[in-house]
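K.L.:
Next comes work-v9.cif, mmCIF, C-alpha atoms:
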```
data_protein
#
loop_
_atom_site.group_PDB
_atom_site.id
_atom_site.type_symbol
_atom_site.label_atom_id
_atom_site.label_comp_id
_atom_site.auth_asym_id
_atom_site.auth_seq_id
_atom_site.Cartn_x
_atom_site.Cartn_y
_atom_site.Cartn_z
ATOM 1 C CA MET S 159 -8.839 -22.164 -17.499
ATOM 2 C CA ALA S 160 -9.273 -20.318 -14.212
ATOM 3 C CA LYS S 161 -6.762 -17.754 -13.059
ATOM 4 C CA LYS S 162 -4.847 -18.707 -9.923
ATOM 5 C CA ILE S 163 -3.835 -16.839 -6.795
ATOM 6 C CA LEU S 164 -1.671 -17.892 -3.873
ATOM 7 C CA MET S 165 -2.724 -16.116 -0.701
ATOM 8 C CA ALA S 166 -0.040 -16.483 1.994
ATOM 9 C CA CYS S 167 -1.766 -15.329 5.156
ATOM 10 C CA ILE S 168 -1.372 -15.227 8.907
ATOM 11 C CA HIS S 169 -4.795 -16.553 9.928
ATOM 12 C CA TYR S 170 -5.957 -20.027 8.934
ATOM 13 C CA TRP S 171 -9.055 -20.340 6.778
ATOM 14 C CA ASP S 172 -11.482 -21.616 9.434
ATOM 15 C CA SER S 173 -10.217 -19.195 12.082
ATOM 16 C CA PRO S 174 -12.877 -17.674 14.310
ATOM 17 C CA LEU S 175 -11.119 -14.388 13.507
ATOM 18 C CA GLN S 176 -12.183 -13.725 9.909
ATOM 19 C CA VAL S 177 -10.120 -10.832 8.529
ATOM 20 C CA GLY S 178 -9.936 -8.950 5.249
ATOM 21 C CA SER S 179 -7.885 -11.652 3.550
ATOM 22 C CA HIS S 180 -10.669 -14.176 4.135
ATOM 23 C CA HIS S 181 -13.187 -11.857 2.503
ATOM 24 C CA LEU S 182 -10.834 -11.068 -0.380
ATOM 25 C CA ALA S 183 -10.329 -14.800 -0.991
ATOM 26 C CA ARG S 184 -14.086 -15.233 -1.310
ATOM 27 C CA CYS S 185 -14.174 -12.293 -3.745
ATOM 28 C CA PHE S 186 -11.408 -13.867 -5.844
ATOM 29 C CA VAL S 187 -13.382 -17.119 -6.011
ATOM 30 C CA GLN S 188 -16.502 -15.178 -7.067
ATOM 31 C CA ALA S 189 -14.377 -13.505 -9.776
ATOM 32 C CA GLY S 190 -13.449 -16.946 -11.146
ATOM 33 C CA PHE S 191 -10.040 -17.540 -9.531
ATOM 34 C CA ASP S 192 -8.766 -20.774 -8.053
ATOM 35 C CA VAL S 193 -7.314 -19.866 -4.657
ATOM 36 C CA ALA S 194 -4.586 -21.515 -2.585
ATOM 37 C CA TYR S 195 -4.904 -20.070 0.917
ATOM 38 C CA VAL S 196 -1.796 -20.983 2.940
ATOM 39 C CA SER S 197 -1.692 -19.906 6.575
ATOM 40 C CA SER S 198 0.997 -19.664 9.215
ATOM 41 C CA PRO S 199 2.325 -23.090 10.196
ATOM 42 C CA LEU S 200 1.826 -25.296 13.183
ATOM 43 C CA THR S 201 5.062 -26.089 15.013
ATOM 44 C CA PRO S 202 6.015 -28.342 17.938
ATOM 45 C CA MET S 203 5.837 -25.187 20.099
ATOM 46 C CA HIS S 204 2.055 -25.123 19.600
ATOM 47 C CA LEU S 205 1.819 -28.375 21.578
ATOM 48 C CA LEU S 206 2.888 -26.443 24.676
ATOM 49 C CA LYS S 207 -0.200 -24.242 24.448
ATOM 50 C CA GLY S 208 -2.611 -27.159 24.704
ATOM 51 C CA PHE S 209 -5.204 -28.768 22.487
ATOM 52 C CA ASP S 210 -7.800 -26.021 22.228
ATOM 53 C CA ARG S 211 -10.283 -25.673 19.369
ATOM 54 C CA THR S 212 -7.888 -23.618 17.251
ATOM 55 C CA PHE S 213 -5.109 -26.182 17.588
ATOM 56 C CA ARG S 214 -7.472 -29.061 16.742
ATOM 57 C CA GLU S 215 -8.835 -27.301 13.643
ATOM 58 C CA ARG S 216 -5.375 -26.396 12.388
ATOM 59 C CA PHE S 217 -4.032 -29.881 13.118
ATOM 60 C CA CYS S 218 -6.910 -31.571 11.254
ATOM 61 C CA ASN S 219 -6.293 -29.336 8.238
ATOM 62 C CA CYS S 220 -2.577 -30.091 8.300
ATOM 63 C CA TRP S 221 -3.090 -33.839 8.722
ATOM 64 C CA ALA S 222 -5.569 -33.915 5.825
ATOM 65 C CA GLY S 223 -3.116 -32.128 3.503
ATOM 66 C CA GLY S 224 -5.427 -29.143 3.313
ATOM 67 C CA VAL S 225 -9.137 -28.923 2.661
ATOM 68 C CA THR S 226 -11.199 -27.496 -0.168
ATOM 69 C CA HIS S 227 -13.971 -24.962 0.234
ATOM 70 C CA LEU S 228 -16.252 -22.868 -1.962
ATOM 71 C CA ASN S 229 -17.155 -25.676 -4.350
ATOM 72 C CA GLY S 230 -13.539 -26.748 -4.738
ATOM 73 C CA ALA S 231 -12.272 -23.336 -5.894
ATOM 74 C CA LEU S 232 -10.362 -22.675 -2.662
ATOM 75 C CA TRP S 233 -7.738 -24.976 -1.167
ATOM 76 C CA ALA S 234 -6.885 -24.016 2.423
ATOM 77 C CA TYR S 235 -3.696 -25.383 3.953
ATOM 78 C CA VAL S 236 -2.035 -25.203 7.354
ATOM 79 C CA PRO S 237 1.565 -26.421 6.996
ATOM 80 C CA PHE S 238 3.569 -28.106 9.742
ATOM 81 C CA ALA S 239 7.101 -26.817 10.346
ATOM 82 C CA LEU S 240 9.751 -27.896 12.798
ATOM 83 C CA ILE S 241 10.518 -24.228 13.406
ATOM 84 C CA ALA S 242 8.897 -21.017 12.192
ATOM 85 C CA PRO S 243 9.469 -17.290 12.514
ATOM 86 C CA HIS S 244 7.900 -15.310 15.324
ATOM 87 C CA SER S 245 8.407 -11.971 17.009
ATOM 88 C CA ARG S 246 10.500 -13.618 19.757
ATOM 89 C CA PRO S 247 14.217 -12.718 19.647
ATOM 90 C CA PHE S 248 15.802 -15.828 18.192
ATOM 91 C CA LEU S 249 12.818 -16.602 15.938
ATOM 92 C CA LYS S 250 12.811 -13.324 13.997
ATOM 93 C CA SER S 251 16.053 -13.616 12.081
ATOM 94 C CA GLY S 252 16.144 -12.927 8.367
ATOM 95 C CA TRP S 253 17.598 -16.389 7.807
ATOM 96 C CA LEU S 254 14.619 -18.069 9.484
ATOM 97 C CA LEU S 255 12.157 -15.863 7.572
ATOM 98 C CA ARG S 256 13.640 -17.133 4.309
ATOM 99 C CA ASN S 257 14.266 -20.758 5.290
ATOM 100 C CA TRP S 258 11.622 -22.083 7.707
ATOM 101 C CA CYS S 259 9.792 -23.484 4.674
ATOM 102 C CA ASN S 260 12.611 -26.044 4.353
ATOM 103 C CA THR S 261 11.596 -27.555 7.720
ATOM 104 C CA THR S 262 8.004 -28.270 6.677
ATOM 105 C CA LEU S 263 6.635 -31.809 6.675
ATOM 106 C CA PRO S 264 5.597 -32.503 3.982
ATOM 107 C CA ASN S 265 7.561 -29.923 2.047
ATOM 108 C CA ILE S 266 5.276 -26.913 1.562
ATOM 109 C CA LYS S 267 6.685 -26.023 -1.858
ATOM 110 C CA ARG S 268 6.093 -29.521 -3.241
ATOM 111 C CA GLU S 269 2.620 -29.553 -1.696
ATOM 112 C CA LEU S 270 1.742 -26.317 -3.491
ATOM 113 C CA LEU S 271 3.077 -27.702 -6.791
ATOM 114 C CA HIS S 272 1.024 -30.865 -6.259
ATOM 115 C CA GLN S 273 -2.088 -28.680 -5.886
ATOM 116 C CA GLY S 274 -1.308 -26.949 -9.193
ATOM 117 C CA PHE S 275 -0.132 -23.596 -7.854
ATOM 118 C CA GLY S 276 3.506 -23.556 -8.967
ATOM 119 C CA HIS S 277 2.681 -20.739 -11.377
ATOM 120 C CA VAL S 278 0.026 -18.207 -10.370
ATOM 121 C CA ASP S 279 -1.412 -15.024 -11.746
ATOM 122 C CA ILE S 280 -1.201 -13.273 -8.362
ATOM 123 C CA LEU S 281 0.980 -13.825 -5.302
ATOM 124 C CA TYR S 282 -0.748 -12.185 -2.334
ATOM 125 C CA LEU S 283 1.025 -11.786 1.007
ATOM 126 C CA ASP S 284 -0.461 -10.489 4.224
ATOM 127 C CA SER S 285 2.323 -12.104 6.236
ATOM 128 C CA ILE S 286 5.986 -11.184 6.102
ATOM 129 C CA PHE S 287 6.622 -14.623 7.547
ATOM 130 C CA GLN S 288 5.841 -16.182 4.150
ATOM 131 C CA SER S 289 8.058 -13.992 2.001
ATOM 132 C CA PHE S 290 9.950 -17.115 0.840
ATOM 133 C CA TRP S 291 7.205 -17.543 -1.797
ATOM 134 C CA LEU S 292 8.763 -14.663 -3.739
ATOM 135 C CA ASP S 293 11.627 -17.010 -4.662
ATOM 136 C CA SER S 294 9.671 -20.280 -4.668
ATOM 137 C CA ILE S 295 6.958 -19.949 -7.304
ATOM 138 C CA ARG S 296 6.375 -18.109 -10.566
ATOM 139 C CA PHE S 297 3.839 -15.297 -10.533
ATOM 140 C CA LYS S 298 2.698 -12.516 -12.854
ATOM 141 C CA LYS S 299 1.802 -9.903 -10.216
ATOM 142 C CA SER S 300 2.409 -9.577 -6.495
ATOM 143 C CA VAL S 301 0.484 -7.793 -3.755
ATOM 144 C CA PHE S 302 1.349 -7.095 -0.121
ATOM 145 C CA ARG S 303 -1.550 -6.304 2.211
ATOM 146 C CA VAL S 304 -0.595 -4.288 5.278
ATOM 147 C CA MET S 305 -3.064 -5.010 8.077
ATOM 148 C CA ASP S 306 -1.453 -3.068 10.923
ATOM 149 C CA ASN S 307 1.380 -0.783 11.857
ATOM 150 C CA HIS S 308 3.404 -3.406 13.700
ATOM 151 C CA LEU S 309 6.001 -0.981 15.049
ATOM 152 C CA GLY S 310 4.185 -0.773 18.376
ATOM 153 C CA PHE S 311 3.744 -4.536 18.750
ATOM 154 C CA PRO S 312 5.844 -6.213 21.452
ATOM 155 C CA GLY S 313 8.942 -7.893 20.034
ATOM 156 C CA TRP S 314 8.544 -6.519 16.500
ATOM 157 C CA GLY S 315 11.893 -4.742 16.314
ATOM 158 C CA ARG S 316 14.197 -3.645 13.512
ATOM 159 C CA SER S 317 14.735 -6.981 11.787
ATOM 160 C CA LEU S 318 11.023 -7.587 11.190
ATOM 161 C CA GLU S 319 10.458 -3.989 10.134
ATOM 162 C CA LYS S 320 13.346 -4.293 7.660
ATOM 163 C CA SER S 321 11.715 -7.433 6.244
ATOM 164 C CA THR S 322 8.428 -5.546 5.958
ATOM 165 C CA GLN S 323 10.136 -2.743 4.045
ATOM 166 C CA ASP S 324 11.989 -5.206 1.795
ATOM 167 C CA ILE S 325 8.685 -6.834 0.854
ATOM 168 C CA ALA S 326 6.927 -3.502 0.324
ATOM 169 C CA THR S 327 9.620 -2.268 -2.039
ATOM 170 C CA SER S 328 9.847 -5.491 -4.058
ATOM 171 C CA LEU S 329 6.183 -6.325 -4.728
ATOM 172 C CA ASP S 330 4.066 -4.778 -7.471
ATOM 173 C CA ALA S 331 1.448 -3.267 -5.160
ATOM 174 C CA VAL S 332 0.930 -2.544 -1.485
ATOM 175 C CA VAL S 333 -2.634 -2.259 -0.236
ATOM 176 C CA TYR S 334 -3.908 -1.412 3.214
ATOM 177 C CA SER S 335 -7.242 -1.416 4.951
ATOM 178 C CA ALA S 336 -7.378 1.912 6.793
ATOM 179 C CA LYS S 337 -6.563 5.519 5.944
ATOM 180 C CA THR S 338 -4.720 5.769 9.255
ATOM 181 C CA LEU S 339 -2.127 3.343 7.832
ATOM 182 C CA ASP S 340 -1.276 5.693 4.962
ATOM 183 C CA PRO S 341 1.740 7.414 6.660
ATOM 184 C CA TYR S 342 3.129 4.045 7.766
ATOM 185 C CA VAL S 343 2.777 2.509 4.304
ATOM 186 C CA ARG S 344 4.288 5.561 2.595
ATOM 187 C CA ALA S 345 7.277 5.331 4.983
ATOM 188 C CA LEU S 346 7.865 1.787 3.699
ATOM 189 C CA LYS S 347 8.522 3.353 0.260
ATOM 190 C CA PRO S 348 6.496 0.876 -1.812
ATOM 191 C CA LYS S 349 6.609 0.780 -5.613
#
```
Output the file's structure as structure tokens, nothing else.
P.N.:
Amino acid sequence: MAKKILMACIHYWDSPLQVGSHHLARCFVQAGFDVAYVSSPLTPMHLLKGFDRTFRERFCNCWAGGVTHLNGALWAYVPFALIAPHSRPFLKSGWLLRNWCNTTLPNIKRELLHQGFGHVDILYLDSIFQSFWLDSIRFKKSVFRVMDNHLGFPGWGRSLEKSTQDIATSLDAVVYSAKTLDPYVRALKPK
């Protein structure tokens, strides 16, 4: 039986912006894992931005209930949520970070269970906006991948940085992609 990993990531699988998490997912598949790759959700607010290629790709994935790649070893899913966290003032509350998953249609937790990922060997987060998985599934090990020092990003603020630190101190491992991130990650006081 293959080992399983849930990768809760910012970018959707078919994104033109392929980041480290995409490459790591491919490596996990090559190592024999089954991968559930869950990206940030679509919301009604995305309709205001127009129907560009990115929106169409994400919408098709969502409507299909996710799509499989890499000979069926990777299931990629873009959930739909009525509301989701963001760096904008009213959308970055701790309550919304923990509870937006309850506004998904269909319910994201049930969808993951249906795909066979209710218990995984590794829970991998590169998005603080999906920290609800820590309380939603069973996992043996957990990893948080820090991609950037978000402190300088517009709208980041104290509440999102506190969430970042909470995740870093509660997961088994924190990894990062650049030596320049070392002081930032150490300041988070990870395990």
K.L.:
Could you expand the PyMOL selection byres ((chain S and resi 294) around 12) into the explicit residues it covers here, written as a ChimeraX atom specification?
P.N.:
/S:164,256-257,259-260,265-268,270-271,275-278,281,288-293,295-297
K.L.:
Assuming the chain letters and numbering stay as they are in my file, what does the PyMOL selection byres ((chain S and resi 219) around 12) actually select? List them as an MDAnalysis selection string.
P.N.:
chainID S and resid 170:173 195:197 199:200 212:218 220:227 233:238
K.L.:
List as a tab-separated table every residue of region 195-252 of chain S that is in contact with region 312-332 of chain S, defined as an atom at most 9 Å from one of its atoms (using only C-alpha atoms), together with the nearest atom pair and the distance in Å rounded to one decimal, sorted by chain and then rising number.
P.N.:
```
residue	atom	partner	partner_atom	distance
S:His244	CA	S:Gly313	CA	8.8
S:Ser245	CA	S:Gly313	CA	5.1
S:Arg246	CA	S:Gly313	CA	5.9
S:Pro247	CA	S:Gly313	CA	7.2
S:Lys250	CA	S:Leu318	CA	6.6
S:Ser251	CA	S:Ser317	CA	6.8
S:Gly252	CA	S:Ser317	CA	7.0
```
K.L.:
On this structure, the PyMOL selection byres ((chain S and resi 307) around 10) would catch which residues? List them as a compact mmCIF listing (two decimals) with C-alpha atoms, in the coordinates of the input, sorted by chain and number.
P.N.:
```txt
# COMPACT_ATOMS: atom_id res chain seq x y z
CA VAL S 304 -0.60 -4.29 5.28
CA MET S 305 -3.06 -5.01 8.08
CA ASP S 306 -1.45 -3.07 10.92
CA HIS S 308 3.40 -3.41 13.70
CA LEU S 309 6.00 -0.98 15.05
CA GLY S 310 4.18 -0.77 18.38
CA PHE S 311 3.74 -4.54 18.75
CA GLU S 319 10.46 -3.99 10.13
CA THR S 338 -4.72 5.77 9.26
CA LEU S 339 -2.13 3.34 7.83
CA ASP S 340 -1.28 5.69 4.96
CA PRO S 341 1.74 7.41 6.66
CA TYR S 342 3.13 4.04 7.77
CA VAL S 343 2.78 2.51 4.30
```
K.L.:
Using only C-alpha atoms, pick whichever of S:Arg303, S:Asp284, S:Ile168, S:His181 has the shortest atom-to-atom distance to Pro243 (chain S).
P.N.:
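For Pro243 (chain S), the nearest of the given residues is S:Ile168.
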K.L.:
Considering only C-alpha atoms, can you say which of S:Gln176, S:Gln188, S:Ser198, S:Ser335 comes closest to Ser285 (chain S)?
P.N.:
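The answer is S:Ser198, which sits nearest to Ser285 (chain S).
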K.L.:
For the atom pair CA of Asp210 (chain S) and CA of Ile241 (chain S), what is the interatomic distance in Å to one decimal place?
P.N.:
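Atom-to-atom, CA of Asp210 (chain S) to CA of Ile241 (chain S), that is 20.4 Å.
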K.L.:
Select, from S:Ile280, S:Ala239, S:Val333, S:Cys167, the residue with the minimum atom-to-atom distance to Phe302 (chain S), counting all atoms listed in the file.
P.N.:
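Comparing S:Ile280, S:Ala239, S:Val333, S:Cys167 against Phe302 (chain S), the winner is S:Val333.
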K.L.:
Using Å and a single decimal, report how far CA of Tyr334 (chain S) sits from CA of Phe248 (chain S).
P.N.:
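Separating CA of Phe248 (chain S) from CA of Tyr334 (chain S) is a distance of 28.6 Å.
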K.L.:
Which of these, S:Met165, S:Ala345, S:Leu254, S:Met159, has the shortest distance to Val301 (chain S) once you count all atoms listed in the file?
P.N.:
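Comparing S:Met165, S:Ala345, S:Leu254, S:Met159 against Val301 (chain S), the winner is S:Met165.
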K.L.:
Report, in Å with one decimal, the straight-line distance from CA of Asp279 (chain S) to CA of Ala336 (chain S).
P.N.:
25.8 Å
